[in-house]
Structures are given as structure tokens and as C-alpha cells.
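Trainee: Next up, structure_30.tsv (TSV, C-alpha atoms).
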```tsv
chain	number	residue	atom	x	y	z
S	1	MET	CA	-23.90	-43.52	111.67
S	2	MET	CA	-20.90	-41.37	112.58
S	3	ASN	CA	-21.25	-37.86	113.97
S	4	LYS	CA	-20.05	-35.83	110.97
S	5	THR	CA	-19.65	-32.49	112.72
S	6	ARG	CA	-18.65	-31.80	116.26
S	7	PRO	CA	-17.40	-28.93	118.38
S	8	PHE	CA	-13.93	-28.14	119.56
S	9	GLN	CA	-13.89	-26.02	122.74
S	10	ASP	CA	-17.58	-25.17	122.21
S	11	ILE	CA	-17.07	-23.92	118.63
S	12	TYR	CA	-19.26	-25.82	116.18
S	13	PRO	CA	-18.94	-25.99	112.39
S	14	THR	CA	-21.31	-23.71	110.47
S	15	ILE	CA	-22.98	-25.42	107.54
S	16	GLY	CA	-24.63	-23.57	104.62
S	17	ASN	CA	-27.66	-24.61	102.60
S	18	ASN	CA	-27.74	-27.71	100.40
S	19	VAL	CA	-24.41	-29.00	101.73
S	20	TYR	CA	-23.54	-32.69	101.41
S	21	ILE	CA	-21.27	-34.24	104.05
S	22	ASP	CA	-20.63	-37.96	103.73
S	23	GLU	CA	-21.30	-39.87	106.95
S	24	SER	CA	-17.65	-41.01	107.12
S	25	ALA	CA	-16.29	-37.43	106.90
S	26	VAL	CA	-15.43	-35.60	110.13
S	27	LEU	CA	-15.54	-31.81	110.57
S	28	ILE	CA	-14.40	-30.43	113.92
S	29	GLY	CA	-14.46	-26.89	115.34
S	30	ASP	CA	-14.22	-23.51	113.62
S	31	ILE	CA	-15.22	-24.49	110.08
S	32	THR	CA	-17.65	-22.65	107.81
S	33	LEU	CA	-19.04	-24.34	104.71
S	34	ALA	CA	-20.89	-22.11	102.22
S	35	ASP	CA	-23.90	-23.22	100.17
S	36	ASP	CA	-23.71	-26.25	97.87
S	37	VAL	CA	-20.38	-27.53	99.24
S	38	SER	CA	-19.79	-31.27	99.10
S	39	VAL	CA	-17.50	-33.20	101.44
S	40	TRP	CA	-16.90	-36.79	100.36
S	41	PRO	CA	-15.90	-40.02	102.20
S	42	LEU	CA	-13.10	-40.01	104.75
S	43	VAL	CA	-12.39	-36.28	104.65
S	44	ALA	CA	-10.94	-34.99	107.94
S	45	ALA	CA	-11.21	-31.24	108.60
S	46	ARG	CA	-9.98	-29.86	111.92
S	47	GLY	CA	-10.59	-26.21	112.79
S	48	ASP	CA	-9.12	-26.47	116.25
S	49	VAL	CA	-6.38	-23.83	116.54
S	50	ASN	CA	-7.53	-21.46	113.78
S	51	SER	CA	-10.47	-21.01	111.40
S	52	MET	CA	-11.37	-22.69	108.13
S	53	THR	CA	-13.74	-21.51	105.38
S	54	VAL	CA	-14.91	-23.30	102.24
S	55	GLY	CA	-16.62	-21.31	99.48
S	56	ALA	CA	-19.83	-22.04	97.59
S	57	ARG	CA	-19.97	-24.99	95.19
S	58	THR	CA	-16.59	-26.30	96.27
S	59	ASN	CA	-16.06	-30.06	96.52
S	60	ILE	CA	-13.59	-31.83	98.78
S	61	GLN	CA	-12.98	-35.36	97.65
S	62	ASP	CA	-12.25	-38.65	99.37
S	63	GLY	CA	-9.44	-38.95	101.92
S	64	THR	CA	-8.47	-35.27	101.98
S	65	VAL	CA	-7.07	-33.72	105.18
S	66	LEU	CA	-7.69	-30.04	105.98
S	67	HIS	CA	-5.98	-28.33	108.92
S	68	VAL	CA	-4.82	-24.94	110.20
S	69	THR	CA	-1.81	-23.48	112.03
S	70	ARG	CA	-1.90	-22.14	115.55
S	71	VAL	CA	-1.03	-18.66	116.72
S	72	SER	CA	2.57	-18.51	117.97
S	73	PRO	CA	5.16	-15.84	118.81
S	74	GLY	CA	6.62	-16.20	115.31
S	75	GLU	CA	3.19	-16.22	113.64
S	76	PRO	CA	0.87	-13.97	115.69
S	77	GLN	CA	-2.14	-14.73	113.43
S	78	GLY	CA	-1.24	-18.36	112.73
S	79	TYR	CA	-2.50	-19.56	109.37
S	80	ARG	CA	-6.16	-20.15	108.70
S	81	LEU	CA	-7.37	-22.27	105.79
S	82	ALA	CA	-9.55	-20.52	103.21
S	83	ILE	CA	-10.81	-22.22	100.07
S	84	GLY	CA	-12.68	-20.12	97.51
S	85	GLU	CA	-15.73	-20.81	95.35
S	86	ASP	CA	-16.03	-23.43	92.60
S	87	VAL	CA	-12.91	-25.28	93.75
S	88	THR	CA	-12.34	-29.00	93.18
S	89	ILE	CA	-10.03	-30.63	95.71
S	90	GLY	CA	-9.05	-34.05	94.35
S	91	HIS	CA	-8.74	-37.32	96.24
S	92	LYS	CA	-6.27	-37.63	99.13
S	93	CYS	CA	-4.98	-34.05	99.20
S	94	MET	CA	-3.53	-32.27	102.21
S	95	LEU	CA	-4.16	-28.54	102.67
S	96	HIS	CA	-2.60	-26.89	105.71
S	97	GLY	CA	-3.01	-23.22	106.66
S	98	CYS	CA	-3.19	-21.95	103.06
S	99	ILE	CA	-5.40	-19.65	100.98
S	100	LEU	CA	-7.01	-20.76	97.72
S	101	GLY	CA	-8.87	-18.45	95.34
S	102	ASP	CA	-11.81	-19.34	93.07
S	103	ARG	CA	-12.08	-21.85	90.21
S	104	ILE	CA	-9.15	-24.06	91.10
S	105	LEU	CA	-8.50	-27.74	90.43
S	106	VAL	CA	-6.23	-29.33	93.01
S	107	GLY	CA	-5.14	-32.66	91.54
S	108	MET	CA	-5.12	-35.94	93.45
S	109	GLY	CA	-2.51	-36.22	96.18
S	110	VAL	CA	-1.47	-32.56	96.15
S	111	ILE	CA	0.04	-31.08	99.32
S	112	ILE	CA	-0.32	-27.33	99.92
S	113	MET	CA	1.54	-26.04	102.96
S	114	ASP	CA	1.40	-23.11	105.39
S	115	ASN	CA	0.94	-19.59	104.07
S	116	ALA	CA	0.81	-20.69	100.42
S	117	LYS	CA	-1.50	-18.51	98.34
S	118	ILE	CA	-3.16	-19.84	95.21
S	119	GLY	CA	-4.68	-17.33	92.76
S	120	ASP	CA	-7.94	-17.78	90.84
S	121	ASP	CA	-8.23	-20.04	87.77
S	122	VAL	CA	-5.37	-22.43	88.57
S	123	ILE	CA	-4.76	-26.13	87.98
S	124	ILE	CA	-2.28	-27.92	90.26
S	125	GLY	CA	-1.22	-31.27	88.79
S	126	ALA	CA	-1.62	-34.52	90.71
S	127	GLY	CA	1.09	-35.32	93.25
S	128	SER	CA	2.47	-31.77	93.36
S	129	LEU	CA	3.88	-30.04	96.44
S	130	VAL	CA	3.21	-26.36	97.08
S	131	PRO	CA	5.80	-25.38	99.73
S	132	PRO	CA	5.26	-22.91	102.56
S	133	ASN	CA	4.94	-19.23	101.61
S	134	LYS	CA	4.67	-19.98	97.86
S	135	THR	CA	2.32	-17.86	95.72
S	136	LEU	CA	0.80	-19.32	92.54
S	137	GLU	CA	-0.38	-16.69	90.04
S	138	SER	CA	-3.80	-16.85	88.44
S	139	GLY	CA	-4.33	-18.50	85.06
S	140	TYR	CA	-1.63	-21.18	84.99
S	141	LEU	CA	-0.97	-24.90	85.23
S	142	TYR	CA	1.48	-25.81	87.99
S	143	MET	CA	3.16	-29.19	88.48
S	144	GLY	CA	6.02	-30.80	90.36
S	145	THR	CA	7.63	-31.18	93.75
S	146	PRO	CA	8.03	-28.34	94.42
S	147	VAL	CA	5.52	-26.89	91.94
S	148	GLU	CA	6.70	-24.94	88.94
S	149	ARG	CA	4.61	-22.86	86.59
S	150	LYS	CA	4.28	-24.86	83.36
S	151	ARG	CA	2.06	-22.85	81.02
S	152	PRO	CA	-1.03	-20.64	80.77
S	153	LEU	CA	-4.38	-22.43	80.96
S	154	SER	CA	-6.26	-22.86	77.71
S	155	ASP	CA	-9.79	-21.52	77.25
S	156	LYS	CA	-11.04	-25.11	77.46
S	157	GLU	CA	-9.27	-25.65	80.79
S	158	LEU	CA	-10.62	-22.39	82.16
S	159	ARG	CA	-14.18	-23.49	81.27
S	160	PHE	CA	-13.53	-26.90	82.82
S	161	LEU	CA	-12.74	-25.38	86.23
S	162	LYS	CA	-16.30	-24.10	86.61
S	163	GLU	CA	-17.78	-27.25	85.00
S	164	SER	CA	-15.96	-29.51	87.47
S	165	ALA	CA	-17.47	-27.68	90.42
S	166	SER	CA	-20.92	-27.69	88.79
S	167	ASN	CA	-20.69	-31.46	88.22
S	168	TYR	CA	-20.21	-32.03	91.95
S	169	VAL	CA	-23.10	-29.72	92.84
S	170	GLU	CA	-25.29	-31.95	90.68
S	171	LEU	CA	-23.76	-35.18	92.00
S	172	LYS	CA	-24.36	-34.40	95.65
```
Before we go any further, please render this structure as C-alpha cells.

Mentor:
Amino acid sequence: MMNKTRPFQDIYPTIGNNVYIDESAVLIGDITLADDVSVWPLVAARGDVNSMTVGARTNIQDGTVLHVTRVSPGEPQGYRLAIGEDVTIGHKCMLHGCILGDRILVGMGVIIMDNAKIGDDVIIGAGSLVPPNKTLESGYLYMGTPVERKRPLSDKELRFLKESASNYVELK
């Protein structure tokens, strides 16, 4: 059995209640997982040069990579990674030093880069690229490389965002 969580420079991940972490996932350093988070096979999360937080009932699916950006003269705070509540991160995504709100679906293979900010109630289509410093407004579907706003989310899609997160809370 692999060691799922481990310290980096004496900083250990903080794990909430009822969290599922697959034995093949690896979480290192300054990472905080809220209650009912699920982390699925082969996820790599490295909170080595900045902090990372994952909100309640969020699920991070297979093969996803989560990382942060270091403090530097050009970026005195660096870029932490913050993922809100009831977020579904699809398979094989890469999130780097970005901020995600609540009730978001990040489609399979999406890349979200440094200092991007994603509002609440957003769907990002599979394979999309969110470039550095990009802000996605709440309530829309975004797709493309780079992402473009396509249309407002329907009531059905808005309900699905919460349902998707709830399904993974039950699954874990």
C-alpha cells in the first residue's frame, strides 16, 4: 500500500472528515481537504511551494495533477490553488495556481493555468485550456483552446452541478 499523504518540509496535508483518498493518489505538503472530498486513482497533488485547498464535497478524478506557483520577485504571493465546494474535476485535468469557485464541472483533460479565476456555477468543456490570468464569469459554459464563453447554463445544467458532486459523495 502506498503512502497517500506525506509532508514537504515538515508540512503535512490536513484531511477533513469522511474523505476518500485512493491508495494510488499522492498528496504532498500544504494541502487542506474539507469534509467529504474524494481523490481518485493516480491523482498527484503537490503543495510544496504554496498552499492548496479543496472545498467540501469536491471530487478530483483519475490522473489529475494539482500544483501551485512559488513566490518570486514578479509574484510576491505566488499562486496558491483553491478549489471550492461541490466541484467535479474530471479525469486527467491539470490545475496550476488557480482559483475555482463552487459548483463547477471541469471536463476531462482541461488545463487551468496560473492566476485563472473561475466563478461559481460554471461548466468547462472537455479538452479546454484556460490560459493564465483569465477570469470565467459565473453561470456559463466555456469551451475551446483557449476557452471562450459559449452560452448561459440551463436550469438543468445548474442542477446537475450539485448532483454531480453529490453522486461522488455517495460513491466514495

Trainee: Which polymer residues have any atom within 7 Å of an atom of range 67-83 of chain S, counting all atoms listed in the file, with same-chain residues fewer than 4 positions away left out, as a ChimeraX atom specification?

Mentor: /S:45-47,49-55,95-101,114-115

Trainee: For the residues selected in the previous step, produce a file with C-alpha atoms as a compact mmCIF listing (two decimals), in the frame of the given file.

Mentor:
```txt
# COMPACT_ATOMS: atom_id res chain seq x y z
CA ALA S 45 -11.21 -31.24 108.60
CA ARG S 46 -9.98 -29.86 111.92
CA GLY S 47 -10.59 -26.21 112.79
CA VAL S 49 -6.38 -23.83 116.54
CA ASN S 50 -7.53 -21.46 113.78
CA SER S 51 -10.47 -21.01 111.40
CA MET S 52 -11.37 -22.69 108.13
CA THR S 53 -13.74 -21.51 105.38
CA VAL S 54 -14.91 -23.30 102.24
CA GLY S 55 -16.62 -21.31 99.48
CA LEU S 95 -4.16 -28.54 102.67
CA HIS S 96 -2.60 -26.89 105.71
CA GLY S 97 -3.01 -23.22 106.66
CA CYS S 98 -3.19 -21.95 103.06
CA ILE S 99 -5.40 -19.65 100.98
CA LEU S 100 -7.01 -20.76 97.72
CA GLY S 101 -8.87 -18.45 95.34
CA ASP S 114 1.40 -23.11 105.39
CA ASN S 115 0.94 -19.59 104.07
```

Trainee: Using all atoms listed in the file, find all polymer residues with an atom at most 6 Å away from the point (-11.3, -34.5, 109.3); report them as a CSV table (one decimal) with C-alpha atoms, keeping the file's coordinate frame.

Mentor:
```csv
chain,number,residue,atom,x,y,z
S,26,VAL,CA,-15.4,-35.6,110.1
S,27,LEU,CA,-15.5,-31.8,110.6
S,43,VAL,CA,-12.4,-36.3,104.6
S,44,ALA,CA,-10.9,-35.0,107.9
S,45,ALA,CA,-11.2,-31.2,108.6
S,46,ARG,CA,-10.0,-29.9,111.9
S,65,VAL,CA,-7.1,-33.7,105.2
```

Trainee: Of the residues S:Ser38, S:Thr64, S:Thr145, S:Ser24, which is the one nearest to Glu170 in chain S, using only C-alpha atoms?

Mentor: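 For Glu170 in chain S, the nearest of the given residues is S:Ser38.
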
Trainee: Hey, could you make a per-residue contact list for range 78-136 of chain S against range 151-165 of chain S with 6 Å as the cut-off, showing the nearest pair of atoms and its distance in Å to one decimal, counting only C-alpha atoms, sorted by chain and number, as a Markdown table?

Mentor:
```
| residue | atom | partner | partner_atom | distance |
| --- | --- | --- | --- | --- |
| S:Asp86 | CA | S:Ala165 | CA | 5.0 |
| S:Thr88 | CA | S:Ala165 | CA | 6.0 |
| S:Arg103 | CA | S:Leu161 | CA | 5.4 |
```

Trainee: Please dump the current selection as a compact mmCIF listing (two decimals), in the frame of the given file; keep C-alpha atoms.

Mentor:
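The new file out_15.txt reads:
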```txt
# COMPACT_ATOMS: atom_id res chain seq x y z
CA ASP S 86 -16.03 -23.43 92.60
CA THR S 88 -12.34 -29.00 93.18
CA ARG S 103 -12.08 -21.85 90.21
```

Trainee: In Å, rounded to a single decimal, give me how far CA of Pro7 in chain S is from CA of Ile28 in chain S.

Mentor: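 Separation of CA of Ile28 in chain S and CA of Pro7 in chain S: 5.6 Å.
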
Trainee: Counting all atoms listed in the file, figure out which residue out of S:Pro146, S:Gly16, S:Pro41, S:Gly109 gets nearest to Gly90 in chain S.

Mentor: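 The closest residue to Gly90 in chain S is S:Gly109.
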
Trainee: So the first atom is CA of Val37 in chain S and the second is CA of Asp120 in chain S; what is the distance between them in Å, to one decimal place?

Mentor: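 Straight-line distance from CA of Val37 in chain S to CA of Asp120 in chain S works out to 17.9 Å.
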
Trainee: Can you tell me, as a tab-separated table (two decimals) with C-alpha atoms, in the frame of the given file, what residues are no more than 12 Å from Asp35 in chain S when counting only C-alpha atoms, ignoring any on the same chain fewer than 2 positions away?

Mentor:
```
chain	number	residue	atom	x	y	z
S	14	THR	CA	-21.31	-23.71	110.47
S	15	ILE	CA	-22.98	-25.42	107.54
S	16	GLY	CA	-24.63	-23.57	104.62
S	17	ASN	CA	-27.66	-24.61	102.60
S	18	ASN	CA	-27.74	-27.71	100.40
S	19	VAL	CA	-24.41	-29.00	101.73
S	20	TYR	CA	-23.54	-32.69	101.41
S	21	ILE	CA	-21.27	-34.24	104.05
S	32	THR	CA	-17.65	-22.65	107.81
S	33	LEU	CA	-19.04	-24.34	104.71
S	37	VAL	CA	-20.38	-27.53	99.24
S	38	SER	CA	-19.79	-31.27	99.10
S	39	VAL	CA	-17.50	-33.20	101.44
S	53	THR	CA	-13.74	-21.51	105.38
S	54	VAL	CA	-14.91	-23.30	102.24
S	55	GLY	CA	-16.62	-21.31	99.48
S	56	ALA	CA	-19.83	-22.04	97.59
S	57	ARG	CA	-19.97	-24.99	95.19
S	58	THR	CA	-16.59	-26.30	96.27
S	59	ASN	CA	-16.06	-30.06	96.52
S	84	GLY	CA	-12.68	-20.12	97.51
S	85	GLU	CA	-15.73	-20.81	95.35
S	86	ASP	CA	-16.03	-23.43	92.60
S	169	VAL	CA	-23.10	-29.72	92.84
```

Trainee: Can you work out which one of S:Val122, S:Val87, S:Ala34, S:Val147 has the shortest atom-to-atom distance to Lys134 in chain S, counting only C-alpha atoms?

Mentor: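 Distance minimum relative to Lys134 in chain S lands on S:Val147.
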
Trainee: Closest to Ile124 in chain S among S:Cys93, S:Leu171, S:Leu105, S:Ile112, using all atoms listed in the file?

Mentor: S:Leu105

Trainee: Please report the interatomic distance between CA of Met113 in chain S and CA of Leu66 in chain S in Å with one decimal.

Mentor: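 Separating CA of Met113 in chain S from CA of Leu66 in chain S is a distance of 10.5 Å.
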
Trainee: Can you find the residues with an atom no farther than 10 Å from (5.4, -17.2, 98.8), counting only C-alpha atoms, and report them as a list in words?

Mentor: Asp114, Asn115, Ala116, Lys117, Ile118, Val130, Pro131, Pro132, Asn133, Lys134, Thr135 and Leu136 of chain S

Trainee: Go ahead and write the residues just picked, C-alpha atoms, as a PDB file, in the frame of the given file.

Mentor:
```
ATOM      1  CA  ASP S 114       1.400 -23.110 105.390  1.00  0.00           C
ATOM      2  CA  ASN S 115       0.940 -19.590 104.070  1.00  0.00           C
ATOM      3  CA  ALA S 116       0.810 -20.690 100.420  1.00  0.00           C
ATOM      4  CA  LYS S 117      -1.500 -18.510  98.340  1.00  0.00           C
ATOM      5  CA  ILE S 118      -3.160 -19.840  95.210  1.00  0.00           C
ATOM      6  CA  VAL S 130       3.210 -26.360  97.080  1.00  0.00           C
ATOM      7  CA  PRO S 131       5.800 -25.380  99.730  1.00  0.00           C
ATOM      8  CA  PRO S 132       5.260 -22.910 102.560  1.00  0.00           C
ATOM      9  CA  ASN S 133       4.940 -19.230 101.610  1.00  0.00           C
ATOM     10  CA  LYS S 134       4.670 -19.980  97.860  1.00  0.00           C
ATOM     11  CA  THR S 135       2.320 -17.860  95.720  1.00  0.00           C
ATOM     12  CA  LEU S 136       0.800 -19.320  92.540  1.00  0.00           C
TER      13      LEU S 136
END
```

Trainee: Do you know which residues are at most 6 Å from Trp40 in chain S counting only C-alpha atoms, after dropping those on the same chain fewer than 2 positions away, and could you put them as a PyMOL selection string?

Mentor: chain S and resi 22+61-62
